[in-house]
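Enquirer: Got a file for you: input.tsv, TSV, C-alpha atoms.
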```tsv
chain	number	residue	atom	x	y	z
A	1099	MET	CA	19.26	35.88	8.61
A	1100	ARG	CA	21.71	34.58	6.04
A	1101	GLU	CA	21.54	36.16	2.62
A	1102	ALA	CA	19.60	33.95	0.20
A	1103	ASP	CA	20.05	33.53	-3.53
A	1104	PRO	CA	16.89	35.19	-4.98
A	1105	GLN	CA	16.59	32.77	-7.87
A	1106	LYS	CA	16.94	29.71	-5.63
A	1107	LEU	CA	14.43	31.21	-3.20
A	1108	ASP	CA	11.93	31.84	-5.99
A	1109	ALA	CA	12.34	28.27	-7.21
A	1110	LEU	CA	11.81	26.91	-3.70
A	1111	VAL	CA	8.72	29.04	-3.12
A	1112	GLY	CA	7.36	27.84	-6.46
A	1113	ARG	CA	7.76	24.24	-5.36
A	1114	LEU	CA	6.16	25.04	-2.02
A	1115	VAL	CA	3.14	26.57	-3.72
A	1116	GLY	CA	2.76	23.36	-5.67
A	1117	ASP	CA	3.14	21.24	-2.55
A	1118	VAL	CA	0.59	23.26	-0.58
A	1119	GLY	CA	-1.77	22.94	-3.52
A	1120	ALA	CA	-1.22	19.19	-3.56
A	1121	SER	CA	-1.90	18.98	0.17
A	1122	VAL	CA	-5.13	20.92	-0.13
A	1123	THR	CA	-6.19	18.92	-3.15
A	1124	GLY	CA	-5.53	15.69	-1.27
A	1125	ALA	CA	-8.26	16.55	1.22
A	1126	LEU	CA	-10.63	17.21	-1.66
A	1127	VAL	CA	-9.75	13.87	-3.27
A	1128	VAL	CA	-10.70	12.08	-0.04
A	1129	LEU	CA	-13.92	14.12	0.08
A	1130	GLY	CA	-14.86	13.37	-3.52
A	1131	ASP	CA	-14.02	9.71	-3.08
A	1132	GLN	CA	-16.09	9.33	0.08
A	1133	LEU	CA	-19.07	11.22	-1.35
A	1134	GLY	CA	-19.00	9.27	-4.61
A	1135	LEU	CA	-18.53	12.36	-6.75
A	1136	TYR	CA	-15.88	10.76	-8.97
A	1137	LYS	CA	-17.94	7.63	-9.47
A	1138	ALA	CA	-20.92	9.78	-10.46
A	1139	MET	CA	-18.75	11.18	-13.27
A	1140	ALA	CA	-17.10	7.91	-14.25
A	1141	ASP	CA	-18.91	7.62	-17.60
A	1142	GLY	CA	-17.04	10.69	-18.88
A	1143	LYS	CA	-20.16	12.60	-19.94
A	1144	PRO	CA	-19.85	16.37	-19.45
A	1145	MET	CA	-21.87	17.58	-16.49
A	1146	THR	CA	-22.58	20.98	-15.01
A	1147	ALA	CA	-22.30	21.61	-11.30
A	1148	GLU	CA	-26.08	21.69	-11.16
A	1149	GLY	CA	-26.26	18.37	-12.96
A	1150	LEU	CA	-23.77	16.66	-10.65
A	1151	ALA	CA	-25.55	18.09	-7.61
A	1152	ALA	CA	-28.87	16.73	-8.85
A	1153	LYS	CA	-27.36	13.33	-9.62
A	1154	THR	CA	-25.69	12.96	-6.21
A	1155	GLY	CA	-28.18	14.80	-4.01
A	1156	PHE	CA	-25.61	17.28	-2.71
A	1157	LYS	CA	-25.89	21.06	-2.62
A	1158	GLU	CA	-24.85	22.78	-5.84
A	1159	ARG	CA	-22.79	25.53	-4.22
A	1160	TYR	CA	-20.52	22.99	-2.52
A	1161	VAL	CA	-20.33	20.82	-5.62
A	1162	ARG	CA	-19.32	23.76	-7.82
A	1163	GLU	CA	-16.48	24.76	-5.51
A	1164	TRP	CA	-15.20	21.17	-5.35
A	1165	LEU	CA	-15.36	20.82	-9.14
A	1166	SER	CA	-13.53	24.12	-9.60
A	1167	ALA	CA	-10.72	23.05	-7.29
A	1168	GLN	CA	-10.44	19.70	-9.07
A	1169	ALA	CA	-10.30	21.42	-12.45
A	1170	ALA	CA	-7.54	23.73	-11.18
A	1171	ALA	CA	-5.60	20.64	-10.13
A	1172	GLU	CA	-6.22	19.10	-13.58
A	1173	TYR	CA	-7.86	16.11	-11.92
A	1174	ILE	CA	-11.10	16.96	-13.74
A	1175	ASP	CA	-11.52	18.61	-17.16
A	1176	TYR	CA	-13.47	21.85	-17.60
A	1177	ASP	CA	-15.16	23.19	-20.73
A	1178	ALA	CA	-15.65	26.95	-20.43
A	1179	ASP	CA	-18.00	27.13	-23.42
A	1180	THR	CA	-20.57	24.87	-21.76
A	1181	ASP	CA	-19.55	25.46	-18.14
A	1182	SER	CA	-19.34	21.70	-17.74
A	1183	PHE	CA	-16.95	19.25	-16.12
A	1184	SER	CA	-15.93	15.74	-17.08
A	1185	LEU	CA	-13.53	12.92	-16.26
A	1186	SER	CA	-11.22	11.72	-18.99
A	1187	ALA	CA	-10.65	7.98	-19.28
A	1188	GLU	CA	-7.32	8.40	-17.51
A	1189	GLN	CA	-8.79	10.50	-14.71
A	1190	ALA	CA	-11.57	7.96	-14.23
A	1191	MET	CA	-8.99	5.19	-13.88
A	1192	ALA	CA	-7.18	7.17	-11.19
A	1193	PHE	CA	-10.17	8.32	-9.15
A	1194	ALA	CA	-13.36	6.42	-10.00
A	1195	GLU	CA	-12.49	2.85	-11.01
A	1196	GLU	CA	-11.29	0.81	-8.03
A	1197	GLY	CA	-10.35	-2.14	-10.22
A	1198	SER	CA	-8.04	0.00	-12.33
A	1199	PRO	CA	-4.26	-0.57	-12.14
A	1200	ALA	CA	-3.91	3.20	-11.75
A	1201	PHE	CA	-6.49	3.74	-8.98
A	1202	PHE	CA	-5.01	6.29	-6.58
A	1203	ALA	CA	-7.76	7.53	-4.29
A	1204	GLY	CA	-6.74	5.09	-1.57
A	1205	ALA	CA	-3.30	6.71	-1.32
A	1206	PHE	CA	-4.90	9.93	-0.13
A	1207	GLU	CA	-6.62	8.07	2.70
A	1208	ILE	CA	-3.17	7.02	3.90
A	1209	VAL	CA	-2.06	10.66	3.76
A	1210	ARG	CA	-5.17	11.61	5.74
A	1211	ALA	CA	-4.11	9.21	8.48
A	1212	MET	CA	-0.68	10.85	8.58
A	1213	TRP	CA	-2.24	14.25	9.24
A	1214	LEU	CA	-4.67	12.89	11.83
A	1215	ASP	CA	-1.96	10.98	13.70
A	1216	GLU	CA	0.76	13.62	13.52
A	1217	PRO	CA	0.48	14.46	17.26
A	1218	LYS	CA	1.21	10.81	18.14
A	1219	ILE	CA	4.31	10.82	15.94
A	1220	ALA	CA	5.44	14.14	17.43
A	1221	ASP	CA	5.28	12.56	20.89
A	1222	ALA	CA	7.26	9.57	19.59
A	1223	PHE	CA	9.99	11.92	18.34
A	1224	ARG	CA	10.30	13.28	21.87
A	1225	THR	CA	10.16	9.98	23.75
A	1226	GLY	CA	11.64	7.50	21.28
A	1227	ALA	CA	8.62	5.25	21.78
A	1228	GLY	CA	6.89	3.67	18.82
A	1229	VAL	CA	3.37	4.00	17.47
A	1230	GLY	CA	1.79	0.65	16.68
A	1231	TRP	CA	-0.12	-0.01	13.50
A	1232	HIS	CA	-3.27	-0.53	15.57
A	1233	GLU	CA	-2.87	2.91	17.15
A	1234	HIS	CA	-3.44	4.75	13.88
A	1235	SER	CA	-6.69	6.17	12.56
A	1236	THR	CA	-8.88	3.62	10.81
A	1237	CYS	CA	-8.60	5.38	7.46
A	1238	LEU	CA	-5.02	4.06	7.31
A	1239	PHE	CA	-6.19	0.44	7.18
A	1240	ARG	CA	-8.76	1.05	4.47
A	1241	GLY	CA	-6.43	3.33	2.51
A	1242	THR	CA	-3.59	0.82	2.61
A	1243	GLU	CA	-5.76	-1.90	1.12
A	1244	ARG	CA	-7.10	0.39	-1.59
A	1245	PHE	CA	-3.65	1.78	-2.42
A	1246	PHE	CA	-1.85	-1.56	-2.73
A	1247	ARG	CA	-4.68	-3.55	-4.30
A	1248	PRO	CA	-4.23	-2.14	-7.85
A	1249	GLY	CA	-0.57	-3.17	-7.83
A	1250	TYR	CA	-1.48	-6.62	-6.61
A	1251	ASN	CA	-4.21	-6.87	-9.24
A	1252	SER	CA	-1.70	-6.06	-11.97
A	1253	ASN	CA	1.37	-7.92	-10.78
A	1254	LEU	CA	0.83	-10.59	-8.14
A	1255	ASN	CA	-0.48	-13.42	-10.30
A	1256	ASN	CA	0.75	-12.07	-13.63
A	1257	SER	CA	4.43	-11.48	-12.89
A	1258	TRP	CA	5.46	-11.83	-9.24
A	1259	ILE	CA	4.51	-15.46	-8.63
A	1260	PRO	CA	5.65	-16.58	-12.12
A	1261	ALA	CA	9.05	-15.04	-11.35
A	1262	LEU	CA	9.56	-17.47	-8.45
A	1263	ASP	CA	11.24	-20.75	-9.35
A	1264	GLY	CA	8.60	-23.51	-9.57
A	1265	VAL	CA	6.06	-21.79	-7.33
A	1266	LYS	CA	3.37	-21.20	-9.95
A	1267	ALA	CA	3.35	-24.89	-10.88
A	1268	LYS	CA	2.97	-25.86	-7.22
A	1269	LEU	CA	0.05	-23.49	-6.78
A	1270	GLU	CA	-1.64	-24.78	-9.91
A	1271	LYS	CA	-1.28	-28.37	-8.71
A	1272	GLY	CA	-2.30	-27.62	-5.14
A	1273	ALA	CA	-0.25	-25.99	-2.37
A	1274	ARG	CA	-0.50	-24.47	1.08
A	1275	VAL	CA	0.18	-20.75	1.27
A	1276	ALA	CA	0.60	-18.41	4.24
A	1277	ASP	CA	0.06	-14.68	3.67
A	1278	VAL	CA	1.68	-13.09	6.72
A	1279	GLY	CA	0.72	-9.51	7.52
A	1280	CYS	CA	-2.26	-9.90	5.22
A	1281	GLY	CA	-4.18	-6.83	6.40
A	1282	HIS	CA	-7.62	-6.78	4.78
A	1283	GLY	CA	-6.73	-9.86	2.75
A	1284	ALA	CA	-6.60	-8.38	-0.74
A	1285	SER	CA	-3.47	-10.33	-1.70
A	1286	THR	CA	-4.74	-13.56	-0.13
A	1287	VAL	CA	-8.06	-13.42	-1.97
A	1288	LEU	CA	-6.37	-12.65	-5.28
A	1289	MET	CA	-4.14	-15.71	-5.00
A	1290	ALA	CA	-7.07	-17.89	-3.98
A	1291	GLN	CA	-9.04	-16.77	-7.02
A	1292	ALA	CA	-6.13	-17.53	-9.35
A	1293	TYR	CA	-5.22	-20.93	-7.91
A	1294	PRO	CA	-8.37	-22.92	-7.10
A	1295	ASN	CA	-6.47	-26.10	-6.16
A	1296	SER	CA	-4.53	-24.44	-3.35
A	1297	TYR	CA	-5.36	-23.47	0.22
A	1298	PHE	CA	-4.53	-20.11	1.73
A	1299	PHE	CA	-4.02	-18.92	5.30
A	1300	GLY	CA	-3.93	-15.20	6.04
A	1301	PHE	CA	-2.41	-13.92	9.30
A	1302	ASP	CA	-2.34	-10.46	10.84
A	1303	TYR	CA	-1.99	-9.30	14.44
A	1304	HIS	CA	-4.66	-6.61	13.87
A	1305	GLY	CA	-8.04	-8.11	14.75
A	1306	PRO	CA	-10.28	-5.63	12.86
A	1307	SER	CA	-8.29	-6.26	9.68
A	1308	ILE	CA	-8.82	-10.01	10.03
A	1309	ASP	CA	-12.57	-9.41	10.39
A	1310	ARG	CA	-12.54	-7.36	7.21
A	1311	ALA	CA	-10.48	-10.02	5.40
A	1312	ARG	CA	-13.01	-12.71	6.26
A	1313	GLU	CA	-15.76	-10.56	4.78
A	1314	ALA	CA	-13.68	-10.09	1.61
A	1315	ALA	CA	-13.15	-13.84	1.23
A	1316	THR	CA	-16.87	-14.51	1.58
A	1317	LYS	CA	-17.72	-11.78	-0.92
A	1318	ALA	CA	-15.22	-13.27	-3.40
A	1319	GLY	CA	-16.60	-16.78	-2.92
A	1320	VAL	CA	-13.30	-18.31	-1.78
A	1321	GLU	CA	-14.07	-18.77	1.90
A	1322	ASP	CA	-13.94	-22.57	1.50
A	1323	ARG	CA	-10.20	-22.39	0.69
A	1324	VAL	CA	-9.15	-19.34	2.69
A	1325	VAL	CA	-8.70	-19.13	6.47
A	1326	PHE	CA	-7.89	-15.88	8.23
A	1327	GLU	CA	-6.50	-15.97	11.76
A	1328	GLN	CA	-5.25	-13.30	14.13
A	1329	ALA	CA	-1.56	-13.99	14.73
A	1330	SER	CA	1.77	-12.18	14.57
A	1331	ALA	CA	4.62	-12.91	12.18
A	1332	LYS	CA	6.47	-14.78	14.95
A	1333	THR	CA	3.51	-16.80	16.26
A	1334	TYR	CA	1.38	-17.89	13.30
A	1335	PRO	CA	0.89	-21.69	13.24
A	1336	ALA	CA	3.26	-23.97	11.33
A	1337	ARG	CA	1.55	-26.03	8.64
A	1338	GLY	CA	4.31	-26.97	6.21
A	1339	TYR	CA	3.64	-24.14	3.77
A	1340	ASP	CA	4.87	-24.37	0.21
A	1341	LEU	CA	4.88	-20.58	0.05
A	1342	VAL	CA	5.02	-17.92	2.75
A	1343	ALA	CA	4.37	-14.45	1.39
A	1344	MET	CA	4.90	-11.06	3.01
A	1345	PHE	CA	3.58	-8.10	1.06
A	1346	ASP	CA	4.95	-4.66	1.99
A	1347	CYS	CA	5.09	-5.50	5.69
A	1348	LEU	CA	8.48	-6.97	6.62
A	1349	HIS	CA	9.98	-3.51	7.17
A	1350	ASP	CA	7.13	-2.70	9.60
A	1351	MET	CA	8.13	-5.53	11.94
A	1352	GLY	CA	10.19	-4.93	15.05
A	1353	ASP	CA	12.15	-8.14	14.62
A	1354	PRO	CA	12.17	-9.03	10.91
A	1355	ALA	CA	14.99	-11.56	11.35
A	1356	GLY	CA	13.02	-13.25	14.12
A	1357	ALA	CA	9.99	-13.32	11.83
A	1358	GLY	CA	12.21	-14.87	9.16
A	1359	ARG	CA	13.36	-17.58	11.53
A	1360	HIS	CA	9.71	-18.43	12.19
A	1361	VAL	CA	9.07	-18.51	8.44
A	1362	LYS	CA	11.90	-21.03	8.09
A	1363	GLU	CA	10.32	-23.23	10.77
A	1364	THR	CA	6.89	-23.14	9.11
A	1365	LEU	CA	7.96	-23.84	5.52
A	1366	ALA	CA	7.91	-27.21	3.82
A	1367	ASP	CA	11.37	-28.61	3.04
A	1368	ASP	CA	11.34	-27.14	-0.48
A	1369	GLY	CA	9.20	-24.11	0.41
A	1370	THR	CA	9.73	-20.51	-0.69
A	1371	TRP	CA	9.57	-17.26	1.24
A	1372	MET	CA	8.39	-14.44	-1.05
A	1373	ILE	CA	9.20	-10.95	0.21
A	1374	VAL	CA	7.58	-8.00	-1.54
A	1375	GLU	CA	8.93	-4.64	-0.37
A	1376	PRO	CA	8.77	-1.02	-1.54
A	1377	PHE	CA	11.28	-0.35	-4.31
A	1378	ALA	CA	14.50	1.18	-2.97
A	1379	HIS	CA	18.15	1.50	-3.85
A	1380	ASP	CA	20.73	0.75	-1.18
A	1381	GLN	CA	22.10	4.29	-0.96
A	1382	LEU	CA	20.10	7.29	0.26
A	1383	LYS	CA	21.36	9.50	-2.58
A	1384	ASP	CA	19.79	7.15	-5.12
A	1385	ASN	CA	16.38	7.30	-3.43
A	1386	LEU	CA	16.06	11.09	-3.53
A	1387	ASN	CA	13.32	11.06	-6.16
A	1388	PRO	CA	9.49	11.31	-6.23
A	1389	VAL	CA	8.96	7.65	-5.28
A	1390	GLY	CA	11.51	7.82	-2.49
A	1391	ARG	CA	9.89	11.02	-1.25
A	1392	ILE	CA	6.59	9.20	-0.76
A	1393	PHE	CA	8.12	6.14	0.86
A	1394	TYR	CA	10.42	8.06	3.21
A	1395	GLY	CA	7.45	10.18	4.28
A	1396	ALA	CA	5.28	7.13	4.93
A	1397	SER	CA	8.19	5.51	6.72
A	1398	THR	CA	8.56	8.48	9.04
A	1399	MET	CA	4.87	8.63	9.93
A	1400	ILE	CA	3.85	4.95	9.84
A	1401	CYS	CA	6.43	2.25	9.15
A	1402	THR	CA	9.35	3.15	11.41
A	1403	PRO	CA	7.10	4.02	14.38
A	1404	ALA	CA	5.37	0.67	13.93
A	1405	SER	CA	8.68	-1.20	14.08
A	1406	LEU	CA	9.91	0.81	17.07
A	1407	SER	CA	6.73	-0.07	18.98
A	1408	GLN	CA	7.67	-3.78	18.94
A	1409	GLU	CA	10.37	-5.95	20.51
A	1410	VAL	CA	13.86	-5.45	19.05
A	1411	GLY	CA	12.61	-2.38	17.14
A	1412	LEU	CA	15.04	-2.72	14.24
A	1413	GLY	CA	13.36	0.07	12.27
A	1414	LEU	CA	14.25	-1.07	8.76
A	1415	GLY	CA	12.09	1.64	7.22
A	1416	ALA	CA	10.22	1.61	3.94
A	1417	GLN	CA	13.41	2.26	1.96
A	1418	ALA	CA	15.50	-0.56	3.39
A	1419	GLY	CA	17.04	-1.61	0.07
A	1420	GLU	CA	18.20	-5.03	-1.10
A	1421	MET	CA	21.39	-5.25	0.97
A	1422	ARG	CA	19.61	-4.79	4.30
A	1423	LEU	CA	16.83	-7.18	3.32
A	1424	ARG	CA	19.40	-9.76	2.29
A	1425	ARG	CA	21.05	-9.41	5.71
A	1426	VAL	CA	17.69	-10.03	7.40
A	1427	ALA	CA	17.20	-13.24	5.41
A	1428	LEU	CA	20.74	-14.47	6.15
A	1429	ASP	CA	20.35	-13.67	9.85
A	1430	ALA	CA	17.13	-15.71	9.78
A	1431	GLY	CA	19.09	-18.75	8.59
A	1432	PHE	CA	18.31	-18.73	4.88
A	1433	THR	CA	21.11	-19.27	2.38
A	1434	ARG	CA	19.53	-18.35	-0.95
A	1435	PHE	CA	18.25	-14.83	-1.63
A	1436	ARG	CA	17.64	-13.32	-5.04
A	1437	ARG	CA	15.67	-10.46	-6.54
A	1438	ALA	CA	13.10	-12.24	-8.67
A	1439	THR	CA	11.53	-9.21	-10.31
A	1440	GLU	CA	10.61	-5.58	-9.71
A	1441	THR	CA	8.17	-2.83	-10.62
A	1442	PRO	CA	8.51	0.95	-10.20
A	1443	PHE	CA	6.98	0.64	-6.71
A	1444	ASN	CA	8.05	-2.82	-5.53
A	1445	MET	CA	10.89	-5.32	-5.34
A	1446	VAL	CA	10.14	-9.05	-5.15
A	1447	PHE	CA	12.62	-11.42	-3.52
A	1448	GLU	CA	12.75	-15.22	-3.52
A	1449	VAL	CA	14.24	-16.68	-0.35
A	1450	ARG	CA	15.03	-20.35	0.27
A	1451	ALA	CA	16.83	-22.39	2.92
```
Have the structure of the file written as structure tokens, please.

Expert:
Amino acid sequence: MREADPQKLDALVGRLVGDVGASVTGALVVLGDQLGLYKAMADGKPMTAEGLAAKTGFKERYVREWLSAQAAAEYIDYDADTDSFSLSAEQAMAFAEEGSPAFFAGAFEIVRAMWLDEPKIADAFRTGAGVGWHEHSTCLFRGTERFFRPGYNSNLNNSWIPALDGVKAKLEKGARVADVGCGHGASTVLMAQAYPNSYFFGFDYHGPSIDRAREAATKAGVEDRVVFEQASAKTYPARGYDLVAMFDCLHDMGDPAGAGRHVKETLADDGTWMIVEPFAHDQLKDNLNPVGRIFYGASTMICTPASLSQEVGLGLGAQAGEMRLRRVALDAGFTRFRRATETPFNMVFEVRA
């Protein structure tokens, strides 16, 4: 063994203790989310373990241990004088309120899928084969919708679409929109609710996600202006779209340039391709930060294997950066590519012929 610097070793072990704690706590977040424990505490009123057990119908001994672990993680507040637990307004936004812009419980479902599917990814490391999106555990599909939906709620209609040249006015007047790689349809439904004069078409190759998207459209009351169809990014039908949108999915595609060429064929003459991708700098050294850590991890376990499972298998990865995305658009035959806006988690690009 090489001789280690004791101070550096202590610092590393300290970080590892924190990371193991975060991993353990992640399982408890999924548990509390699925059992409705956070939602039972959403009003912020202090509650003993016995009180929460009585309210939810679960056994007190299990509830107390879960509450204690959550308090140790500072995800729940604890009052020693009254032996009671409560959710602050901020904690409730993160764990109990699905409509909140800070709702985070869905992210832990994605992490759960990574753990469950780790043997498949290990095999892919050995063989070089990919792992398709449809081959993952179902909690990935639900978690992805719940993780991305808060960002779409906050940004899609408020800042992303307004940042595109002339697109908002078209949608207000009445336009045709394709949401390619729509998943459970959260983005499609949000746009349909905001622009009642326009028609929306959501496409995804994953059949169960399309079924779920149709249910979401009906629940939202927009099923008369929203059509969901099972189709890939290179085969969805051409209908002269004024806007083709891809939300956090281009990097998952095996042939993103080929998908872009199909976009070009399906757009109206003055149509716009909106690409929303995870925020990334062009150089690896600039992505070595907490956000990059999450995206590189997800890319290793989900995004890159998905791309490698398809034809071409370009493997852009979830940290592709603007330069590589620009190259994809140019290779697809587009001539105009600009970053329209950005958030801490996303970059939004406007692409035109």

Enquirer: State, in Å with one decimal place, the distance from CA of Cys1347 in chain A to CA of Lys1332 in chain A.

Expert: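 Computed distance, CA of Cys1347 in chain A to CA of Lys1332 in chain A, equals 13.2 Å.
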
Enquirer: What is the distance between CA of Arg1436 in chain A and CA of Pro1335 in chain A, in Å to one decimal?

Expert: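 Calculated distance between CA of Arg1436 in chain A and CA of Pro1335 in chain A is 26.2 Å.
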
Enquirer: Just checking: using all atoms listed in the file, which residue out of A:Asp1340, A:Asp1263, A:Asp1350, A:Asp1309 ends up closest to Ser1296 in chain A?

Expert: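 The shortest atom-to-atom distance to Ser1296 in chain A comes from A:Asp1340.
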
Enquirer: Report, in Å with one decimal, the straight-line distance from CA of Leu1126 in chain A to CA of Phe1206 in chain A.

Expert: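 We find that CA of Leu1126 in chain A and CA of Phe1206 in chain A lie 9.4 Å from each other.
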
Enquirer: Can you list, as a PyMOL selection string, every protein, DNA or RNA residue that comes within 7 Å of Val1229 in chain A when you count all atoms listed in the file, leaving out same-chain residues fewer than 5 positions away?

Expert: chain A and resi 1403-1404+1407

Enquirer: Kindly save the residues from that selection, with C-alpha atoms included, as a PDB file, in the frame of the given file.

Expert:
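After the write, out23.pdb holds the following:
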```pdb
ATOM      1  CA  PRO A1403       7.100   4.020  14.380  1.00  0.00           C
ATOM      2  CA  ALA A1404       5.370   0.670  13.930  1.00  0.00           C
ATOM      3  CA  SER A1407       6.730  -0.070  18.980  1.00  0.00           C
TER       4      SER A1407
END
```

Enquirer: Which residues come within 12 Å of range 1164-1179 of chain A, counting all atoms listed in the file, excluding same-chain residues fewer than 5 positions away, as a ChimeraX atom specification?

Expert: /A:1116-1131,1133,1135-1136,1139-1140,1142-1151,1156-1159,1184-1194,1202-1203

Enquirer: Write out as a list in words which residues come within 12 Å of Ala1418 in chain A when counting all atoms listed in the file, dropping same-chain ones fewer than 6 positions away.

Expert: Asp1346, Cys1347, Leu1348, His1349, Asp1350, Pro1354, Val1374, Glu1375, Pro1376, Phe1377, Ala1378, His1379, Asp1380, Gln1381, Leu1382, Asn1385, Gly1390, Phe1393, Tyr1394, Ser1397, Cys1401, Thr1402, Leu1412, Arg1424, Arg1425, Val1426, Asn1444 and Met1445 of chain A

Enquirer: What's around Met1399 in chain A at 9 Å? Count only C-alpha atoms, leave out sequence neighbours fewer than 6 positions away in its own chain, and write the answer as JSON, numbers by chain.

Expert: {"A": [1212, 1215, 1216, 1219, 1229]}

Enquirer: Could you give me, as a PyMOL selection string, the residues within 9 Å of Thr1286 in chain A, counting all atoms listed in the file and dropping anything in the same chain fewer than 6 positions from it?

Expert: chain A and resi 1275-1277+1280+1298-1300+1311+1315+1324

Enquirer: Between A:Val1325, A:Leu1414, A:Val1320, A:Ala1451, single out the one closest to Thr1364 in chain A, counting only C-alpha atoms.

Expert: A:Ala1451

Enquirer: Choose the residue, out of A:Ser1257, A:Ser1285, A:Ser1182, A:Gln1105, that has the smallest atom-to-atom separation from Ala1438 in chain A; count all atoms listed in the file.

Expert: A:Ser1257

Enquirer: Considering all atoms listed in the file, state which residue in the set A:Pro1388, A:Gly1279, A:Arg1274, A:Gly1352 is at the smallest distance from Arg1337 in chain A.

Expert: A:Arg1274

Enquirer: Give the answer as one residue: which of A:Pro1306, A:Ser1252, A:Pro1104, A:Tyr1297 has the shortest atom-to-atom distance to Arg1323 in chain A, using all atoms listed in the file?

Expert: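 Among the listed residues, A:Tyr1297 lies closest to Arg1323 in chain A.
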
Enquirer: Can you work out which one of A:Arg1247, A:Gln1132, A:Pro1217, A:Ala1211 has the shortest atom-to-atom distance to Pro1199 in chain A, counting all atoms listed in the file?

Expert: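 Between A:Arg1247, A:Gln1132, A:Pro1217, A:Ala1211, the residue approaching Pro1199 in chain A most closely is A:Arg1247.
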
Enquirer: Provide range 1398-1411 of chain A rebuilt to N, CA, C and O atoms, formatted as a CSV table (one decimal), in the coordinates of the input.

Expert:
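The file below, result_35.csv, is the result:
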```csv
chain,number,residue,atom,x,y,z
A,1398,THR,N,8.4,7.6,7.9
A,1398,THR,CA,8.6,8.5,9.0
A,1398,THR,C,7.3,8.5,9.9
A,1398,THR,O,7.4,8.4,11.1
A,1399,MET,N,6.1,8.5,9.2
A,1399,MET,CA,4.9,8.6,9.9
A,1399,MET,C,4.2,7.3,10.3
A,1399,MET,O,3.4,7.3,11.2
A,1400,ILE,N,4.6,6.2,9.6
A,1400,ILE,CA,3.8,5.0,9.8
A,1400,ILE,C,4.8,3.8,10.1
A,1400,ILE,O,4.7,3.1,11.1
A,1401,CYS,N,5.7,3.5,9.1
A,1401,CYS,CA,6.4,2.2,9.2
A,1401,CYS,C,7.5,2.2,10.3
A,1401,CYS,O,7.5,1.2,11.0
A,1402,THR,N,8.3,3.2,10.4
A,1402,THR,CA,9.4,3.2,11.4
A,1402,THR,C,8.7,3.2,12.8
A,1402,THR,O,9.2,2.4,13.7
A,1403,PRO,N,7.7,4.1,13.1
A,1403,PRO,CA,7.1,4.0,14.4
A,1403,PRO,C,6.5,2.7,14.7
A,1403,PRO,O,6.5,2.2,15.9
A,1404,ALA,N,5.9,2.0,13.7
A,1404,ALA,CA,5.4,0.7,13.9
A,1404,ALA,C,6.4,-0.3,14.4
A,1404,ALA,O,6.3,-1.1,15.3
A,1405,SER,N,7.6,-0.3,13.7
A,1405,SER,CA,8.7,-1.2,14.1
A,1405,SER,C,9.2,-0.9,15.5
A,1405,SER,O,9.5,-1.8,16.3
A,1406,LEU,N,9.4,0.4,15.8
A,1406,LEU,CA,9.9,0.8,17.1
A,1406,LEU,C,9.0,0.5,18.2
A,1406,LEU,O,9.4,0.6,19.4
A,1407,SER,N,7.7,0.2,17.9
A,1407,SER,CA,6.7,-0.1,19.0
A,1407,SER,C,6.8,-1.5,19.4
A,1407,SER,O,6.2,-1.9,20.4
A,1408,GLN,N,7.6,-2.3,18.7
A,1408,GLN,CA,7.7,-3.8,18.9
A,1408,GLN,C,9.0,-4.2,19.6
A,1408,GLN,O,9.9,-3.4,19.6
A,1409,GLU,N,9.1,-5.4,20.0
A,1409,GLU,CA,10.4,-6.0,20.5
A,1409,GLU,C,11.5,-5.9,19.5
A,1409,GLU,O,11.2,-6.0,18.3
A,1410,VAL,N,12.6,-5.7,19.9
A,1410,VAL,CA,13.9,-5.4,19.0
A,1410,VAL,C,13.8,-4.1,18.4
A,1410,VAL,O,14.8,-3.3,18.6
A,1411,GLY,N,12.7,-3.7,17.7
A,1411,GLY,CA,12.6,-2.4,17.1
A,1411,GLY,C,13.7,-2.0,16.2
A,1411,GLY,O,14.4,-1.0,16.2
```
